[in-house]
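Participant: Enclosed is the structure file start.txt (compact mmCIF, C-alpha atoms and all ligand atoms).
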```
# COMPACT_ATOMS: atom_id res chain seq x y z
CA MET A 1 -31.44 4.02 13.20
CA LEU A 2 -32.05 5.40 16.64
CA ASN A 3 -34.94 3.93 18.54
CA LEU A 4 -35.73 6.72 20.95
CA LYS A 5 -37.91 4.52 23.19
CA ASN A 6 -35.00 2.32 24.10
CA ILE A 7 -32.36 4.92 24.80
CA ASP A 8 -31.05 5.13 28.30
CA THR A 9 -32.12 8.56 29.65
CA LYS A 10 -28.69 9.23 31.06
CA ILE A 11 -27.06 8.69 27.68
CA VAL A 12 -29.65 10.86 25.94
CA LEU A 13 -28.86 13.69 28.36
CA LYS A 14 -25.14 13.24 27.81
CA VAL A 15 -25.54 13.36 24.05
CA LEU A 16 -27.90 16.36 24.21
CA PHE A 17 -25.64 18.35 26.49
CA THR A 18 -22.65 17.60 24.29
CA GLY A 19 -21.63 20.93 22.85
CA LEU A 20 -22.92 23.00 25.76
CA LEU A 21 -20.83 24.31 28.64
CA MET A 22 -17.79 25.23 26.59
CA LEU A 23 -14.85 26.09 28.77
CA ASP A 24 -12.17 27.89 26.84
CA VAL A 25 -8.69 26.97 27.92
CA THR A 26 -5.57 28.38 26.32
CA ASN A 27 -3.62 25.46 24.97
CA ALA A 28 -0.30 26.44 26.50
CA TRP A 29 0.80 22.81 26.48
CA ALA A 30 0.59 22.51 22.69
CA GLN A 31 2.49 25.75 22.23
CA ASN A 32 5.42 24.18 24.07
CA ASN A 33 5.26 20.94 22.08
CA PRO A 34 6.01 21.67 18.44
CA ALA A 35 5.67 17.97 17.49
CA VAL A 36 1.93 18.32 17.98
CA PRO A 37 0.15 20.70 15.62
CA GLN A 38 -1.85 23.34 17.43
CA MET A 39 -5.59 23.56 17.07
CA ALA A 40 -7.19 26.48 15.23
CA GLY A 41 -6.66 29.70 17.14
CA GLN A 42 -4.38 27.80 19.52
CA LYS A 43 -7.31 27.16 21.81
CA MET A 44 -8.46 23.93 23.30
CA PHE A 45 -12.00 23.40 24.48
CA GLN A 46 -12.14 21.05 27.43
CA SER A 47 -15.81 20.35 27.88
CA ASP A 48 -18.40 17.61 27.67
CA SER A 49 -18.30 17.84 23.89
CA GLN A 50 -14.59 17.07 24.01
CA LEU A 51 -15.01 14.10 26.35
CA THR A 52 -17.96 12.39 24.69
CA TYR A 53 -18.54 11.03 21.21
CA PHE A 54 -21.69 9.82 19.57
CA ASN A 55 -21.12 7.97 16.28
CA GLN A 56 -23.82 8.67 13.71
CA ASP A 57 -21.93 7.19 10.78
CA ARG A 58 -21.34 3.51 11.57
CA TYR A 59 -19.90 1.14 9.00
CA GLU A 60 -19.81 -2.64 8.55
CA MET A 61 -16.66 -4.74 8.75
CA VAL A 62 -15.32 -5.81 5.36
CA GLU A 63 -16.18 -9.37 4.36
CA LEU A 64 -13.13 -11.51 3.70
CA ALA A 65 -12.66 -14.41 1.33
CA SER A 66 -11.69 -17.66 3.11
CA PRO A 67 -7.95 -17.26 3.04
CA GLU A 68 -5.38 -19.87 2.14
CA PHE A 69 -2.13 -18.54 3.47
CA ALA A 70 1.39 -19.28 2.22
CA GLU A 71 3.97 -20.50 4.74
CA ALA A 72 5.74 -17.17 4.87
CA PRO A 73 4.76 -13.67 3.74
CA LYS A 74 6.09 -12.17 0.52
CA ASN A 75 4.49 -8.84 1.43
CA VAL A 76 4.11 -6.98 4.73
CA ILE A 77 1.65 -4.14 5.29
CA LEU A 78 2.50 -2.52 8.63
CA PHE A 79 -0.03 -0.05 10.05
CA ILE A 80 1.05 2.21 12.89
CA GLY A 81 -1.67 4.07 14.73
CA ASP A 82 0.38 6.79 16.40
CA GLY A 83 -0.75 6.95 20.03
CA LEU A 84 -3.16 4.02 19.64
CA GLY A 85 -3.67 2.18 22.93
CA VAL A 86 -5.99 -0.66 23.88
CA THR A 87 -8.46 1.88 25.27
CA HIS A 88 -8.55 3.71 21.93
CA VAL A 89 -9.42 0.42 20.22
CA SER A 90 -12.02 -0.34 22.87
CA ALA A 91 -13.62 3.09 22.39
CA ALA A 92 -13.73 2.66 18.61
CA LEU A 93 -15.22 -0.81 18.97
CA THR A 94 -17.94 0.61 21.22
CA VAL A 95 -18.96 3.54 19.03
CA ASN A 96 -19.04 1.34 15.92
CA GLY A 97 -21.43 -1.11 17.59
CA GLY A 98 -18.87 -3.88 18.21
CA GLN A 99 -17.74 -3.95 14.57
CA LEU A 100 -14.16 -3.16 13.59
CA ASN A 101 -12.07 -4.52 10.75
CA LEU A 102 -9.52 -5.23 13.48
CA ASN A 103 -11.93 -7.97 14.64
CA HIS A 104 -10.72 -10.04 11.67
CA MET A 105 -7.20 -10.12 13.10
CA LYS A 106 -7.16 -13.05 15.51
CA HIS A 107 -3.47 -13.07 16.46
CA ILE A 108 -3.00 -10.36 19.06
CA GLY A 109 -0.06 -9.46 21.26
CA PHE A 110 1.36 -6.57 23.27
CA SER A 111 4.37 -4.38 22.56
CA GLN A 112 6.38 -2.77 25.37
CA THR A 113 7.05 0.72 24.10
CA GLN A 114 9.99 2.00 26.16
CA SER A 115 12.88 3.86 24.46
CA LYS A 116 16.62 3.62 25.22
CA ASP A 117 16.68 6.55 27.62
CA ARG A 118 13.06 6.94 28.75
CA TYR A 119 10.22 4.86 30.13
CA VAL A 120 7.84 6.99 28.06
CA THR A 121 8.94 7.07 24.43
CA ASP A 122 8.37 9.72 21.81
CA SER A 123 7.34 8.87 18.25
CA ALA A 124 10.89 9.12 16.87
CA ALA A 125 12.32 6.50 19.24
CA GLY A 126 9.05 4.53 19.11
CA GLY A 127 9.09 4.45 15.32
CA THR A 128 12.81 3.66 15.24
CA ALA A 129 12.38 0.64 17.55
CA ILE A 130 9.75 -0.86 15.22
CA ALA A 131 11.60 0.15 12.04
CA THR A 132 15.13 -0.92 12.99
CA GLY A 133 14.93 -3.36 15.92
CA GLN A 134 17.06 -1.03 18.07
CA ARG A 135 16.05 1.27 20.86
CA VAL A 136 17.40 4.81 20.58
CA ASN A 137 17.09 7.92 22.73
CA ASN A 138 13.92 9.96 22.44
CA GLY A 139 14.00 12.31 19.47
CA ALA A 140 16.46 10.30 17.33
CA ILE A 141 15.50 9.08 13.85
CA ALA A 142 17.10 5.66 13.18
CA MET A 143 20.43 6.87 14.53
CA ASP A 144 22.26 5.67 17.65
CA ALA A 145 23.81 7.88 20.32
CA SER A 146 27.22 7.82 18.58
CA GLY A 147 25.65 9.12 15.36
CA GLU A 148 25.66 5.79 13.52
CA PRO A 149 22.71 5.33 11.15
CA ILE A 150 20.68 2.15 11.74
CA PRO A 151 19.18 0.43 8.68
CA SER A 152 15.41 -0.03 8.80
CA ILE A 153 13.24 -2.89 7.59
CA LEU A 154 12.36 -0.63 4.64
CA HIS A 155 16.05 -0.28 3.67
CA ILE A 156 16.69 -4.01 4.16
CA SER A 157 13.58 -4.92 2.14
CA GLU A 158 14.80 -2.64 -0.64
CA GLN A 159 18.28 -4.22 -0.59
CA ASN A 160 16.61 -7.62 -0.92
CA GLY A 161 14.74 -6.61 -4.05
CA LYS A 162 11.35 -5.82 -2.58
CA ALA A 163 9.29 -2.77 -3.44
CA THR A 164 8.88 -0.32 -0.55
CA GLY A 165 6.43 2.38 0.43
CA LEU A 166 5.37 4.87 3.09
CA VAL A 167 1.96 6.45 3.68
CA ALA A 168 1.05 8.95 6.41
CA THR A 169 -1.77 11.32 7.32
CA SER A 170 0.86 13.75 8.63
CA ASP A 171 3.80 15.36 6.87
CA ILE A 172 5.71 12.44 5.29
CA ALA A 173 8.90 13.76 6.98
CA HIS A 174 7.28 13.56 10.45
CA ALA A 175 8.83 11.24 13.04
CA THR A 176 7.00 7.97 12.36
CA PRO A 177 7.52 7.67 8.58
CA ALA A 178 10.95 9.31 8.96
CA SER A 179 12.10 6.45 11.23
CA PHE A 180 11.71 4.04 8.31
CA ILE A 181 13.65 6.02 5.71
CA ALA A 182 15.88 8.69 7.28
CA HIS A 183 18.82 8.85 9.70
CA GLN A 184 19.00 12.05 11.71
CA PRO A 185 19.91 12.93 15.30
CA SER A 186 16.68 14.92 15.71
CA ARG A 187 13.12 14.48 14.49
CA SER A 188 12.84 18.25 14.01
CA MET A 189 15.32 18.20 11.09
CA TYR A 190 12.45 17.95 8.59
CA GLU A 191 14.37 19.24 5.56
CA GLU A 192 17.30 16.89 6.18
CA ILE A 193 14.80 14.04 6.60
CA ALA A 194 13.17 14.96 3.27
CA ALA A 195 16.61 14.92 1.59
CA ASP A 196 17.17 11.40 2.97
CA PHE A 197 14.27 10.16 0.79
CA LEU A 198 16.52 10.78 -2.24
CA LYS A 199 19.22 8.50 -0.79
CA THR A 200 16.89 5.50 -1.10
CA ASP A 201 14.98 3.89 -3.94
CA ILE A 202 11.64 3.95 -2.16
CA ASP A 203 9.00 3.05 -4.74
CA LEU A 204 6.06 5.02 -3.43
CA PHE A 205 5.28 7.57 -0.77
CA ILE A 206 2.03 9.36 -0.08
CA GLY A 207 1.49 12.07 2.52
CA GLY A 208 1.69 15.74 3.38
CA GLY A 209 4.91 17.73 3.59
CA LEU A 210 5.49 19.14 0.11
CA ASN A 211 7.11 22.22 1.70
CA ASN A 212 10.01 20.16 3.07
CA PHE A 213 10.78 19.06 -0.50
CA ALA A 214 9.90 22.07 -2.63
CA ASN A 215 9.93 25.14 -0.37
CA ARG A 216 13.17 24.68 1.52
CA SER A 217 15.53 27.04 3.32
CA ASP A 218 18.39 25.91 1.02
CA GLY A 219 16.36 26.81 -2.08
CA VAL A 220 16.76 23.30 -3.52
CA ASP A 221 13.64 21.79 -5.10
CA LEU A 222 13.77 18.09 -4.24
CA THR A 223 10.77 17.34 -6.46
CA LEU A 224 13.08 18.09 -9.44
CA ALA A 225 15.64 15.64 -8.06
CA LEU A 226 12.85 13.08 -7.60
CA LYS A 227 11.78 13.57 -11.23
CA GLU A 228 15.40 13.17 -12.38
CA LYS A 229 15.47 9.86 -10.53
CA GLY A 230 12.43 8.78 -12.53
CA TYR A 231 9.67 9.50 -10.02
CA GLN A 232 6.24 10.59 -11.11
CA VAL A 233 5.40 13.45 -8.75
CA PHE A 234 1.77 14.22 -7.99
CA TYR A 235 0.22 16.93 -5.86
CA SER A 236 -2.98 15.12 -4.90
CA LEU A 237 -4.30 11.58 -4.84
CA GLU A 238 -6.83 12.45 -7.56
CA GLU A 239 -3.95 13.51 -9.81
CA SER A 240 -2.29 10.12 -9.31
CA ALA A 241 -5.48 8.17 -10.09
CA CYS A 242 -4.43 7.00 -13.57
CA ALA A 243 -0.82 6.24 -12.64
CA SER A 244 0.04 2.80 -11.28
CA LYS A 245 3.75 2.44 -11.95
CA ALA A 246 6.55 2.93 -9.43
CA PRO A 247 8.38 5.05 -8.51
CA MET A 248 5.82 7.60 -7.41
CA ALA A 249 5.60 10.47 -4.91
CA VAL A 250 2.18 11.84 -3.99
CA PHE A 251 2.10 15.03 -1.92
CA THR A 252 -1.33 15.48 -0.40
CA ALA A 253 -0.70 18.72 1.52
CA PRO A 254 1.94 21.47 1.86
CA GLY A 255 2.38 20.59 5.55
CA HIS A 256 0.33 18.10 7.55
CA ASN A 257 -2.87 16.71 6.08
CA PRO A 258 -6.06 18.11 7.59
CA GLU A 259 -8.08 16.23 10.21
CA TYR A 260 -10.22 13.20 9.35
CA ASP A 261 -13.44 15.07 8.59
CA GLU A 262 -11.75 17.40 6.10
CA ARG A 263 -9.40 14.71 4.76
CA GLY A 264 -12.24 12.42 3.65
CA ASN A 265 -11.15 8.89 2.74
CA MET A 266 -7.56 9.88 1.90
CA LEU A 267 -6.04 7.09 4.01
CA GLU A 268 -8.25 4.39 2.44
CA LEU A 269 -7.47 5.68 -1.07
CA ALA A 270 -3.75 5.96 -0.30
CA THR A 271 -3.75 2.39 1.04
CA LYS A 272 -5.44 1.18 -2.16
CA LYS A 273 -2.95 3.11 -4.30
CA ALA A 274 0.04 1.74 -2.34
CA ILE A 275 -1.17 -1.85 -2.73
CA GLU A 276 -1.99 -1.34 -6.41
CA VAL A 277 1.49 0.04 -7.19
CA LEU A 278 3.68 -2.06 -4.88
CA SER A 279 2.00 -5.43 -5.53
CA LYS A 280 3.26 -5.26 -9.13
CA ASP A 281 6.75 -6.16 -7.87
CA GLU A 282 7.29 -9.89 -8.26
CA ASN A 283 9.66 -9.96 -5.26
CA GLY A 284 7.00 -8.62 -2.92
CA PHE A 285 6.79 -5.41 -0.93
CA PHE A 286 7.01 -3.71 2.44
CA VAL A 287 4.84 -0.69 3.24
CA MET A 288 4.28 1.27 6.45
CA ILE A 289 0.96 3.11 6.65
CA GLU A 290 0.44 5.55 9.51
CA GLY A 291 -2.72 6.89 11.10
CA SER A 292 -0.71 9.86 12.35
CA GLN A 293 -3.32 12.02 14.02
CA ILE A 294 -4.69 9.61 16.63
CA ASP A 295 -1.75 10.89 18.66
CA TRP A 296 -2.53 14.56 18.16
CA ALA A 297 -6.20 14.12 19.03
CA SER A 298 -5.11 12.30 22.20
CA HIS A 299 -2.61 15.03 23.14
CA HIS A 300 -5.42 17.54 22.79
CA ASN A 301 -7.83 15.28 24.74
CA ILE A 302 -10.50 15.66 22.07
CA THR A 303 -12.61 12.49 21.87
CA PRO A 304 -14.52 13.13 18.59
CA TYR A 305 -11.22 13.87 16.79
CA LEU A 306 -9.62 10.79 18.40
CA LEU A 307 -12.41 8.42 17.37
CA GLY A 308 -12.66 9.92 13.89
CA GLU A 309 -8.98 9.12 13.44
CA VAL A 310 -9.13 5.58 14.90
CA LEU A 311 -12.12 4.66 12.73
CA ASP A 312 -10.35 6.17 9.71
CA LEU A 313 -7.36 3.89 10.38
CA ASP A 314 -9.64 0.87 10.80
CA LYS A 315 -11.25 1.53 7.40
CA ALA A 316 -7.79 1.57 5.77
CA VAL A 317 -7.00 -1.70 7.61
CA GLY A 318 -10.14 -3.13 5.96
CA VAL A 319 -8.69 -2.34 2.51
CA ALA A 320 -5.44 -4.16 3.39
CA LEU A 321 -7.26 -7.17 4.86
CA GLU A 322 -9.38 -7.57 1.72
CA PHE A 323 -6.18 -7.66 -0.35
CA ALA A 324 -4.42 -10.02 2.09
CA ALA A 325 -7.31 -12.49 2.15
CA GLN A 326 -7.29 -12.69 -1.66
CA ASN A 327 -3.52 -12.66 -2.01
CA GLY A 328 -2.54 -15.23 0.63
CA GLU A 329 1.11 -14.09 0.77
CA THR A 330 0.56 -10.85 2.66
CA LEU A 331 0.98 -10.30 6.37
CA VAL A 332 -0.96 -7.35 7.79
CA ILE A 333 0.17 -5.94 11.14
CA VAL A 334 -1.58 -3.15 13.06
CA THR A 335 0.25 -1.68 16.02
CA SER A 336 1.28 1.54 17.71
CA ASP A 337 4.44 3.33 18.85
CA HIS A 338 2.96 4.28 22.25
CA GLU A 339 -0.28 5.15 23.97
CA THR A 340 -1.25 8.83 24.16
CA GLY A 341 -3.62 10.51 26.60
CA GLY A 342 -3.79 7.95 29.39
CA LEU A 343 -7.27 7.32 28.03
CA ALA A 344 -10.03 5.84 30.20
CA LEU A 345 -13.65 5.06 29.32
CA HIS A 346 -16.13 6.14 32.01
CA ASP A 347 -19.32 5.31 30.15
CA GLY A 348 -20.47 4.05 26.79
CA SER A 349 -23.03 2.16 24.78
CA TYR A 350 -22.48 -0.32 21.95
CA GLU A 351 -26.17 0.02 21.10
CA HIS A 352 -26.12 3.78 20.73
CA GLY A 353 -22.53 4.18 19.54
CA PHE A 354 -21.69 6.38 22.49
CA ILE A 355 -18.56 6.81 24.60
CA GLU A 356 -17.55 9.08 27.48
CA ALA A 357 -13.79 9.39 27.93
CA ARG A 358 -11.39 10.78 30.50
CA TYR A 359 -7.72 11.57 30.05
CA SER A 360 -4.99 11.22 32.65
CA SER A 361 -2.38 12.91 30.46
CA ASP A 362 -1.89 15.33 27.60
CA ASN A 363 1.19 13.37 26.60
CA HIS A 364 2.34 9.83 25.89
CA THR A 365 2.20 7.09 28.52
CA GLY A 366 4.33 3.98 29.10
CA VAL A 367 1.60 1.33 28.89
CA MET A 368 1.87 -1.65 26.52
CA VAL A 369 0.15 -1.25 23.15
CA PRO A 370 -1.68 -3.89 21.08
CA VAL A 371 -0.27 -5.69 18.05
CA PHE A 372 -2.84 -7.26 15.69
CA ALA A 373 -1.69 -9.64 12.95
CA TYR A 374 -3.39 -11.37 10.02
CA GLY A 375 -1.86 -13.60 7.36
CA PRO A 376 1.17 -15.88 7.03
CA GLY A 377 3.34 -15.63 10.17
CA ALA A 378 0.63 -13.91 12.22
CA GLU A 379 1.04 -16.45 15.04
CA LEU A 380 4.52 -15.02 15.74
CA PHE A 381 2.90 -11.88 17.08
CA LEU A 382 1.16 -13.54 20.05
CA GLY A 383 2.38 -12.69 23.55
CA ILE A 384 4.21 -9.83 25.23
CA TYR A 385 7.45 -8.54 23.71
CA ASP A 386 9.59 -5.44 23.15
CA ASN A 387 8.69 -2.96 20.39
CA THR A 388 12.03 -3.93 18.76
CA ASP A 389 10.79 -7.52 18.30
CA ILE A 390 8.30 -6.33 15.68
CA PHE A 391 11.29 -5.57 13.42
CA HIS A 392 12.95 -8.93 14.22
CA LYS A 393 9.74 -10.88 13.53
CA ILE A 394 9.21 -9.21 10.13
CA HIS A 395 12.92 -9.64 9.32
CA SER A 396 12.87 -13.36 10.06
CA LEU A 397 9.52 -13.92 8.28
CA PHE A 398 10.95 -12.27 5.16
CA GLY A 399 13.89 -14.71 5.45
CA PHE A 400 16.57 -11.99 5.23
MG MG B 501 3.55 9.77 13.94
ZN ZN B 502 2.62 12.37 20.45
```
Represent the structure of the file as structure tokens.
Ligand code: MG
Ligand code: ZN
Facilitator:
Amino acid sequence: MLNLKNIDTKIVLKVLFTGLLMLDVTNAWAQNNPAVPQMAGQKMFQSDSQLTYFNQDRYEMVELASPEFAEAPKNVILFIGDGLGVTHVSAALTVNGGQLNLNHMKHIGFSQTQSKDRYVTDSAAGGTAIATGQRVNNGAIAMDASGEPIPSILHISEQNGKATGLVATSDIAHATPASFIAHQPSRSMYEEIAADFLKTDIDLFIGGGLNNFANRSDGVDLTLALKEKGYQVFYSLEESACASKAPMAVFTAPGHNPEYDERGNMLELATKKAIEVLSKDENGFFVMIEGSQIDWASHHNITPYLLGEVLDLDKAVGVALEFAAQNGETLVIVTSDHETGGLALHDGSYEHGFIEARYSSDNHTGVMVPVFAYGPGAELFLGIYDNTDIFHKIHSLFGF
């Protein structure tokens, strides 16, 4: 509860004036960057209300059982917060009063995010580095410059008998999840990326993007092909509630999923569903779960959207940590493909759940990003290393 007597006057004024002084700026930048969905009406409001955030819906960290970890992980749950930098984490920590589920993850390192051809990566090359252990040129999906496909940790896990899964709050064929399952020269080849899902035996995927499977320019309905392969196909998470057997495809939106406030607890529920289904495999599992829209909020420089998305990811991390603490054979990793926004924090209050942000960019930056680890093998993630090392560490921990 707010105790009005104790609130710093300056912060009260900042919170009160949030929402006033709207300056309407045409979002020409987003129009030229199709990877980032445009805001409603293709307008961006750059004002106090976009720079500040006041959290009125704080939550407690999950409580974890005292874990007894195995020597090596049988399961890996890899979270990627697209665009998540240290400053994003710091902002979320502030507005949630110093409490984040990430606080449970005591082994922390830094990933250097550069791609093969650029200091500042995009999400295709950033995802590919983590997924495959190889740096590629910006825009490429797990494919090298000569057109050779590069196997990902998801493919290798599958070949070694593990169950595999992908979850995203974007279109499931968008760059980050695509890097783990598809091989294409360009991230914009959404329909080709969707077709690549059929070339694998992925056990579960949950996300938006039904149109790339069922409403395609070639007229082919890939959901029929999925069903022929034995998949249960669902068109919402609610529809999938009673099903717990792999293989399963859950389409949560025709295109991208909506933003956090409209999406509700989709990412938490999808994380629960993924763990429920994949943990049935006695050989273990690998799943990548993406908080996709942290990046888009940061491109648009909209702080409430950004923090809504970071806190949403942290809640899903809480679900995974609860499972990992009970299970003892599960490594949870939370990292990012790159920082977005060149975010800086100019003011804030842990007590009042308030932050005032500034942005130095409407694009990605080249700064290191955090890697949080919890569970067997977590100590391997200490230090500073290349994004590609995340693949190599998981690969060696799995003993492949
Ligand atoms: Mg992404
Ligand atoms: Zn981006």
Participant: Quick one: residues within 6 Å of ligand MG 501 (chain B), with all atoms listed in the file, as a CSV table (one decimal) with C-alpha atoms, keeping the file's coordinate frame?
Facilitator:
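The result, written out as pocket38.csv:
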```csv
chain,number,residue,atom,x,y,z
A,82,ASP,CA,0.4,6.8,16.4
A,123,SER,CA,7.3,8.9,18.2
A,175,ALA,CA,8.8,11.2,13.0
A,176,THR,CA,7.0,8.0,12.4
A,292,SER,CA,-0.7,9.9,12.4
```
Participant: Determine the nearest neighbour of Met248 in chain A from the options A:Glu268, A:Asp203, A:Glu262, A:Glu329, counting only C-alpha atoms.
Facilitator: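 Of A:Glu268, A:Asp203, A:Glu262, A:Glu329, the one nearest Met248 in chain A is A:Asp203, counting only C-alpha atoms.
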Participant: Please identify every residue of chain A that has at least one atom no farther than 12 Å from an atom of ligand ZN 502 (chain B), counting all atoms listed in the file, and for each give the shortest atom pair and the distance in Å to one decimal, arranged by chain then increasing number, as a Markdown table.
Facilitator:
```
| residue | atom | partner | partner_atom | distance |
| --- | --- | --- | --- | --- |
| A:Ala30 | CA | B:ZN502 | ZN | 10.6 |
| A:Asn33 | CA | B:ZN502 | ZN | 9.1 |
| A:Pro34 | CA | B:ZN502 | ZN | 10.1 |
| A:Ala35 | CA | B:ZN502 | ZN | 7.0 |
| A:Val36 | CA | B:ZN502 | ZN | 6.5 |
| A:Pro37 | CA | B:ZN502 | ZN | 9.9 |
| A:Gly81 | CA | B:ZN502 | ZN | 11.0 |
| A:Asp82 | CA | B:ZN502 | ZN | 7.2 |
| A:Gly83 | CA | B:ZN502 | ZN | 6.4 |
| A:Leu84 | CA | B:ZN502 | ZN | 10.2 |
| A:Val120 | CA | B:ZN502 | ZN | 10.7 |
| A:Thr121 | CA | B:ZN502 | ZN | 9.2 |
| A:Asp122 | CA | B:ZN502 | ZN | 6.5 |
| A:Ser123 | CA | B:ZN502 | ZN | 6.3 |
| A:Ala124 | CA | B:ZN502 | ZN | 9.6 |
| A:Ala125 | CA | B:ZN502 | ZN | 11.4 |
| A:Gly126 | CA | B:ZN502 | ZN | 10.2 |
| A:Gly127 | CA | B:ZN502 | ZN | 11.4 |
| A:Asn138 | CA | B:ZN502 | ZN | 11.7 |
| A:Gly139 | CA | B:ZN502 | ZN | 11.4 |
| A:His174 | CA | B:ZN502 | ZN | 11.1 |
| A:Ala175 | CA | B:ZN502 | ZN | 9.7 |
| A:Thr176 | CA | B:ZN502 | ZN | 10.2 |
| A:Ser292 | CA | B:ZN502 | ZN | 9.1 |
| A:Gln293 | CA | B:ZN502 | ZN | 8.8 |
| A:Ile294 | CA | B:ZN502 | ZN | 8.7 |
| A:Asp295 | CA | B:ZN502 | ZN | 4.9 |
| A:Trp296 | CA | B:ZN502 | ZN | 6.0 |
| A:Ala297 | CA | B:ZN502 | ZN | 9.1 |
| A:Ser298 | CA | B:ZN502 | ZN | 7.9 |
| A:His299 | CA | B:ZN502 | ZN | 6.5 |
| A:His300 | CA | B:ZN502 | ZN | 9.8 |
| A:Asn301 | CA | B:ZN502 | ZN | 11.7 |
| A:Ser336 | CA | B:ZN502 | ZN | 11.3 |
| A:Asp337 | CA | B:ZN502 | ZN | 9.4 |
| A:His338 | CA | B:ZN502 | ZN | 8.3 |
| A:Glu339 | CA | B:ZN502 | ZN | 8.5 |
| A:Thr340 | CA | B:ZN502 | ZN | 6.4 |
| A:Gly341 | CA | B:ZN502 | ZN | 9.0 |
| A:Gly342 | CA | B:ZN502 | ZN | 11.9 |
| A:Ser361 | CA | B:ZN502 | ZN | 11.2 |
| A:Asp362 | CA | B:ZN502 | ZN | 9.0 |
| A:Asn363 | CA | B:ZN502 | ZN | 6.4 |
| A:His364 | CA | B:ZN502 | ZN | 6.0 |
| A:Thr365 | CA | B:ZN502 | ZN | 9.7 |
```
Participant: First collect every listed atom of range 89-94 of chain A; then fit an axis-aligned box around them, widen it by 3 Å on each side, and give centre and edge lengths in Å to one decimal, as AutoDock Vina command-line options.
Facilitator:
```
--center_x -13.7 --center_y 1.1 --center_z 20.7 --size_x 14.5 --size_y 9.9 --size_z 10.3
```
Participant: Give me the residues within 10 Å of Lys227 in chain A as a count of residues only, counting only C-alpha atoms and dropping any in the same chain fewer than 5 places off.
Facilitator: 6
Participant: Show me, as a VMD selection string, the residues that have an atom within 9 Å of range 309-317 of chain A when counting all atoms listed in the file, minus same-chain residues fewer than 2 positions from it.
Facilitator: chain A and resid 59 61 to 62 79 to 81 84 88 to 89 92 to 93 96 100 to 102 259 to 261 264 to 265 267 to 272 289 to 294 297 304 to 307 319 to 322 332 334
Participant: Set the distance at 6 Å and use only C-alpha atoms: which residues neighbour range 185-199 of chain A once local chain neighbours fewer than 2 positions away are removed? I'd like the list as a PyMOL selection string.
Facilitator: chain A and resi 139-141+173+175+182+212
Participant: So, counting only C-alpha atoms, which residue among A:Thr335, A:Asn283, A:Thr223, A:Thr303 is closest to Ile355 in chain A?
Facilitator: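 Among the listed residues, the smallest separation from Ile355 in chain A belongs to A:Thr303.
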Participant: Separation of CA of Lys116 in chain A and CA of Asn137 in chain A, in Å?
Facilitator: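 Here the two named atoms are 5.0 Å from each other.
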Participant: Using only C-alpha atoms, can you tell me which of A:Thr388, A:Ser115, A:Thr87, A:Ser217 comes closest to Thr132 in chain A?
Facilitator: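 For Thr132 in chain A, the nearest of the given residues is A:Thr388.
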Participant: Restricting the calculation to all atoms listed in the file, which member of A:Gln326, A:Ser157, A:Ser236, A:Ser90 is positioned closest to Asp347 in chain A?
Facilitator: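 For Asp347 in chain A, the nearest of the candidates is A:Ser90.
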Participant: In Å, rounded to a single decimal, give me how far CA of Ser244 in chain A is from CA of Asn257 in chain A.
Facilitator: 22.4 Å
Participant: As a PyMOL selection string, please: the residues near Lys106 in chain A (cut-off 7 Å, all atoms listed in the file, same-chain neighbours under 2 positions excluded).
Facilitator: chain A and resi 104+108+373-374
Participant: CA of Thr113 in chain A and CA of Met368 in chain A are how many Å apart?
Facilitator: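 CA of Met368 in chain A lies 6.2 Å from CA of Thr113 in chain A.
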Participant: Select all residues near (2.3, 5.5, 4.0) (cut-off 7 Å, inclusive, file coordinates), counting all atoms listed in the file, and output them as a list in words.
Facilitator: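 Residues found, by chain and rising number: Gly165, Leu166, Val167, Ala168, Phe205, Ile206, Gly207, Val287, Met288, Ile289 and Glu290 of chain A.
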Participant: Can you spit out the residues from that selection as a CSV table (one decimal), keeping the file's coordinate frame, using C-alpha atoms?
Facilitator:
```
chain,number,residue,atom,x,y,z
A,165,GLY,CA,6.4,2.4,0.4
A,166,LEU,CA,5.4,4.9,3.1
A,167,VAL,CA,2.0,6.4,3.7
A,168,ALA,CA,1.0,9.0,6.4
A,205,PHE,CA,5.3,7.6,-0.8
A,206,ILE,CA,2.0,9.4,-0.1
A,207,GLY,CA,1.5,12.1,2.5
A,287,VAL,CA,4.8,-0.7,3.2
A,288,MET,CA,4.3,1.3,6.4
A,289,ILE,CA,1.0,3.1,6.6
A,290,GLU,CA,0.4,5.6,9.5
```
Participant: List as a PDB file with C-alpha atoms, in the coordinates of the input the protein and nucleic acid residues near Gly284 in chain A, meaning an atom at most 6 Å away when all atoms listed in the file are counted, but skip any in the same chain fewer than 6 places from it.
Facilitator:
```
ATOM      1  CA  LYS A  74       6.090 -12.170   0.520  1.00  0.00           C
ATOM      2  CA  ASN A  75       4.490  -8.840   1.430  1.00  0.00           C
ATOM      3  CA  LYS A 162      11.350  -5.820  -2.580  1.00  0.00           C
TER       4      LYS A 162
END
```
Participant: With all atoms listed in the file as the atoms that count, which of A:Ala129, A:Ala243, A:Ala178, A:Val86 lies nearest to Phe110 in chain A?
Facilitator: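 Smallest distance to Phe110 in chain A is found for A:Val86.
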Participant: Rank A:Val95, A:Leu397, A:Leu210, A:Leu226 by their smallest atom-to-atom distance to Thr52 in chain A, using only C-alpha atoms, and report the top residue only.
Facilitator: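 Between A:Val95, A:Leu397, A:Leu210, A:Leu226, the residue approaching Thr52 in chain A most closely is A:Val95.
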